[in-house]
Amino acid sequence: MIEATSCGGVVIFRGKILVLYKNYRNRYEGWVLPKGTVEEGEEHPETALREVKEESGVSATIMKYVGKSQYTFQVPEDIVEKDVHWYLMMSDSYYSKPQREEYFVDSGYYKYHEAYHLLKFANEKQILEKAYSEYIEMKRNNLWGFRRR
């Protein structure tokens, strides 16, 4: 078994959630949250911010760690067991540009219920639920705000 670790973000701007559409040679298609593999010497928050920036062009700020999802998948030579660490992030605009090199063909910010139904994977839907409830709680307590420059 191969163990892998990724980090990603639930990025929110004005109550809407960033999602990316991946289309890999028409075999893999679906809406996902931005995430990617931890590189040598990188801390998890650094990875999450870098991957969000690379995959979507979005500069985000981490507001809170929201948890870990786990899943396994088959590769030709083995089974991969993956942990993904997720962060609730704030963006300062609706700008996004999908990373073509990683087969992302569309990106955008969607209302919670739209993003939830667009997401392909159940574990990402669960993380979105948790992150969005954290976002609502932070807003209620005036802990969500403009990024200080």
# chains A, B, ... in the order shown; residues from 1 in each chain; ligands from 1
>>> select_by_dssp(residues="range 37-82 of chain A", states="strand (DSSP E or B)", output="list in words")
Thr37, Ala60, Thr61, Ile62, Met63, Lys64, Tyr65, Val66, Gly67, Lys68, Ser69, Gln70, Tyr71, Thr72, Phe73, Gln74, Val75, Asp78, Ile79, Val80, Glu81 and Lys82 of chain A
>>> residues_around(residues="Tyr94 in chain A", least_positions_apart="2", cutoff="8 Å", atoms="only C-alpha atoms", output="MDAnalysis selection string")
chainID A and resid 13 91:92 96 108:109
>>> select_by_dssp(residues="range 62-117 of chain A", states="helix (DSSP H, G or I)", output="ChimeraX atom specification")
/A:100-102,112-117
>>> closest_residue(among="A:Ser56, A:Thr47, A:Gln70, A:Asn26", to="Pro98 in chain A", atoms="only C-alpha atoms")
A:Ser56
>>> atom_distance(atom1="CA of Glu29 in chain A", atom2="CA of Lys120 in chain A")
8.6 Å
>>> residues_around(residues="Pro34 in chain A", least_positions_apart="5", cutoff="9 Å", atoms="only C-alpha atoms", output="PyMOL selection string")
chain A and resi 7-11+18-20+48+51-56
>>> write_last_selection(atoms="N, CA and C atoms", output="PDB file, in the first residue's frame")
ATOM      1  N   CYS A   7      -3.302  18.402   0.530  1.00  0.00           N
ATOM      2  CA  CYS A   7      -3.953  19.468   1.280  1.00  0.00           C
ATOM      3  C   CYS A   7      -4.744  20.312   0.299  1.00  0.00           C
ATOM      4  N   GLY A   8      -5.857  20.857   0.790  1.00  0.00           N
ATOM      5  CA  GLY A   8      -6.683  21.662  -0.090  1.00  0.00           C
ATOM      6  C   GLY A   8      -7.493  22.678   0.663  1.00  0.00           C
ATOM      7  N   GLY A   9      -8.312  23.399  -0.106  1.00  0.00           N
ATOM      8  CA  GLY A   9      -9.080  24.470   0.496  1.00  0.00           C
ATOM      9  C   GLY A   9     -10.513  24.536   0.050  1.00  0.00           C
ATOM     10  N   VAL A  10     -11.356  24.933   1.000  1.00  0.00           N
ATOM     11  CA  VAL A  10     -12.722  25.347   0.697  1.00  0.00           C
ATOM     12  C   VAL A  10     -12.633  26.864   0.703  1.00  0.00           C
ATOM     13  N   VAL A  11     -12.593  27.449  -0.502  1.00  0.00           N
ATOM     14  CA  VAL A  11     -12.355  28.880  -0.664  1.00  0.00           C
ATOM     15  C   VAL A  11     -13.699  29.586  -0.826  1.00  0.00           C
ATOM     16  N   LEU A  18     -15.575  28.231  -4.204  1.00  0.00           N
ATOM     17  CA  LEU A  18     -14.796  27.962  -5.406  1.00  0.00           C
ATOM     18  C   LEU A  18     -14.779  26.461  -5.700  1.00  0.00           C
ATOM     19  N   VAL A  19     -15.177  26.097  -6.920  1.00  0.00           N
ATOM     20  CA  VAL A  19     -15.053  24.708  -7.369  1.00  0.00           C
ATOM     21  C   VAL A  19     -14.424  24.689  -8.759  1.00  0.00           C
ATOM     22  N   LEU A  20     -13.766  23.578  -9.067  1.00  0.00           N
ATOM     23  CA  LEU A  20     -13.056  23.415 -10.337  1.00  0.00           C
ATOM     24  C   LEU A  20     -13.614  22.215 -11.096  1.00  0.00           C
ATOM     25  N   ALA A  48      -1.678  23.707   1.002  1.00  0.00           N
ATOM     26  CA  ALA A  48      -3.060  24.060   0.677  1.00  0.00           C
ATOM     27  C   ALA A  48      -3.113  25.389  -0.085  1.00  0.00           C
ATOM     28  N   GLU A  51      -1.504  24.964  -3.659  1.00  0.00           N
ATOM     29  CA  GLU A  51      -2.357  24.208  -4.578  1.00  0.00           C
ATOM     30  C   GLU A  51      -3.573  25.016  -5.034  1.00  0.00           C
ATOM     31  N   VAL A  52      -4.182  25.762  -4.116  1.00  0.00           N
ATOM     32  CA  VAL A  52      -5.307  26.622  -4.502  1.00  0.00           C
ATOM     33  C   VAL A  52      -4.839  27.623  -5.555  1.00  0.00           C
ATOM     34  N   LYS A  53      -3.660  28.234  -5.317  1.00  0.00           N
ATOM     35  CA  LYS A  53      -3.114  29.225  -6.254  1.00  0.00           C
ATOM     36  C   LYS A  53      -2.798  28.584  -7.611  1.00  0.00           C
ATOM     37  N   GLU A  54      -2.140  27.418  -7.589  1.00  0.00           N
ATOM     38  CA  GLU A  54      -1.761  26.752  -8.843  1.00  0.00           C
ATOM     39  C   GLU A  54      -2.978  26.302  -9.649  1.00  0.00           C
ATOM     40  N   GLU A  55      -3.938  25.680  -8.975  1.00  0.00           N
ATOM     41  CA  GLU A  55      -5.061  25.078  -9.687  1.00  0.00           C
ATOM     42  C   GLU A  55      -6.129  26.074 -10.118  1.00  0.00           C
ATOM     43  N   SER A  56      -6.209  27.211  -9.400  1.00  0.00           N
ATOM     44  CA  SER A  56      -7.300  28.141  -9.691  1.00  0.00           C
ATOM     45  C   SER A  56      -6.860  29.589  -9.919  1.00  0.00           C
TER      46      SER A  56
END
>>> residues_around(residues="Lys111 in chain A", least_positions_apart="2", cutoff="9 Å", atoms="only C-alpha atoms", output="PyMOL selection string")
chain A and resi 15-17+109+113-116
>>> write_last_selection(atoms="N, CA and C atoms", output="short mmCIF file (atom, residue, chain, number, x, y, z; two decimals), in the first residue's frame")
data_model
loop_
_atom_site.label_atom_id
_atom_site.label_comp_id
_atom_site.auth_asym_id
_atom_site.auth_seq_id
_atom_site.Cartn_x
_atom_site.Cartn_y
_atom_site.Cartn_z
N GLY A 15 -19.71 34.51 0.44
CA GLY A 15 -20.65 33.42 0.65
C GLY A 15 -20.67 32.35 -0.42
N LYS A 16 -19.89 32.54 -1.49
CA LYS A 16 -19.86 31.56 -2.57
C LYS A 16 -18.57 30.74 -2.52
N ILE A 17 -18.66 29.50 -3.00
CA ILE A 17 -17.57 28.52 -2.87
C ILE A 17 -16.90 28.27 -4.22
N TYR A 109 -17.21 30.43 -8.68
CA TYR A 109 -17.76 30.49 -7.32
C TYR A 109 -19.26 30.25 -7.41
N HIS A 113 -25.55 25.52 -1.99
CA HIS A 113 -26.33 24.36 -2.46
C HIS A 113 -25.93 23.96 -3.88
N GLU A 114 -25.52 24.93 -4.70
CA GLU A 114 -25.07 24.61 -6.06
C GLU A 114 -23.74 23.86 -6.01
N ALA A 115 -22.80 24.40 -5.23
CA ALA A 115 -21.47 23.77 -5.11
C ALA A 115 -21.62 22.35 -4.56
N TYR A 116 -22.47 22.20 -3.55
CA TYR A 116 -22.67 20.90 -2.92
C TYR A 116 -23.13 19.87 -3.95
#
>>> atom_distance(atom1="CA of Val84 in chain A", atom2="CA of Arg140 in chain A")
27.6 Å
>>> residues_around(residues="Glu46 in chain A", least_positions_apart="3", cutoff="12 Å", atoms="only C-alpha atoms", output="list of chain:residue names")
A:Ser6, A:Cys7, A:Gly8, A:Gly9, A:Lys35, A:Gly36, A:Thr37, A:Val38, A:Glu39, A:Glu40, A:Gly41, A:Glu42, A:Glu43, A:Leu49, A:Arg50, A:Glu51, A:Val52, A:Lys53, A:Ala60, A:Thr61, A:Ile62, A:His85, A:Trp86, A:Tyr87
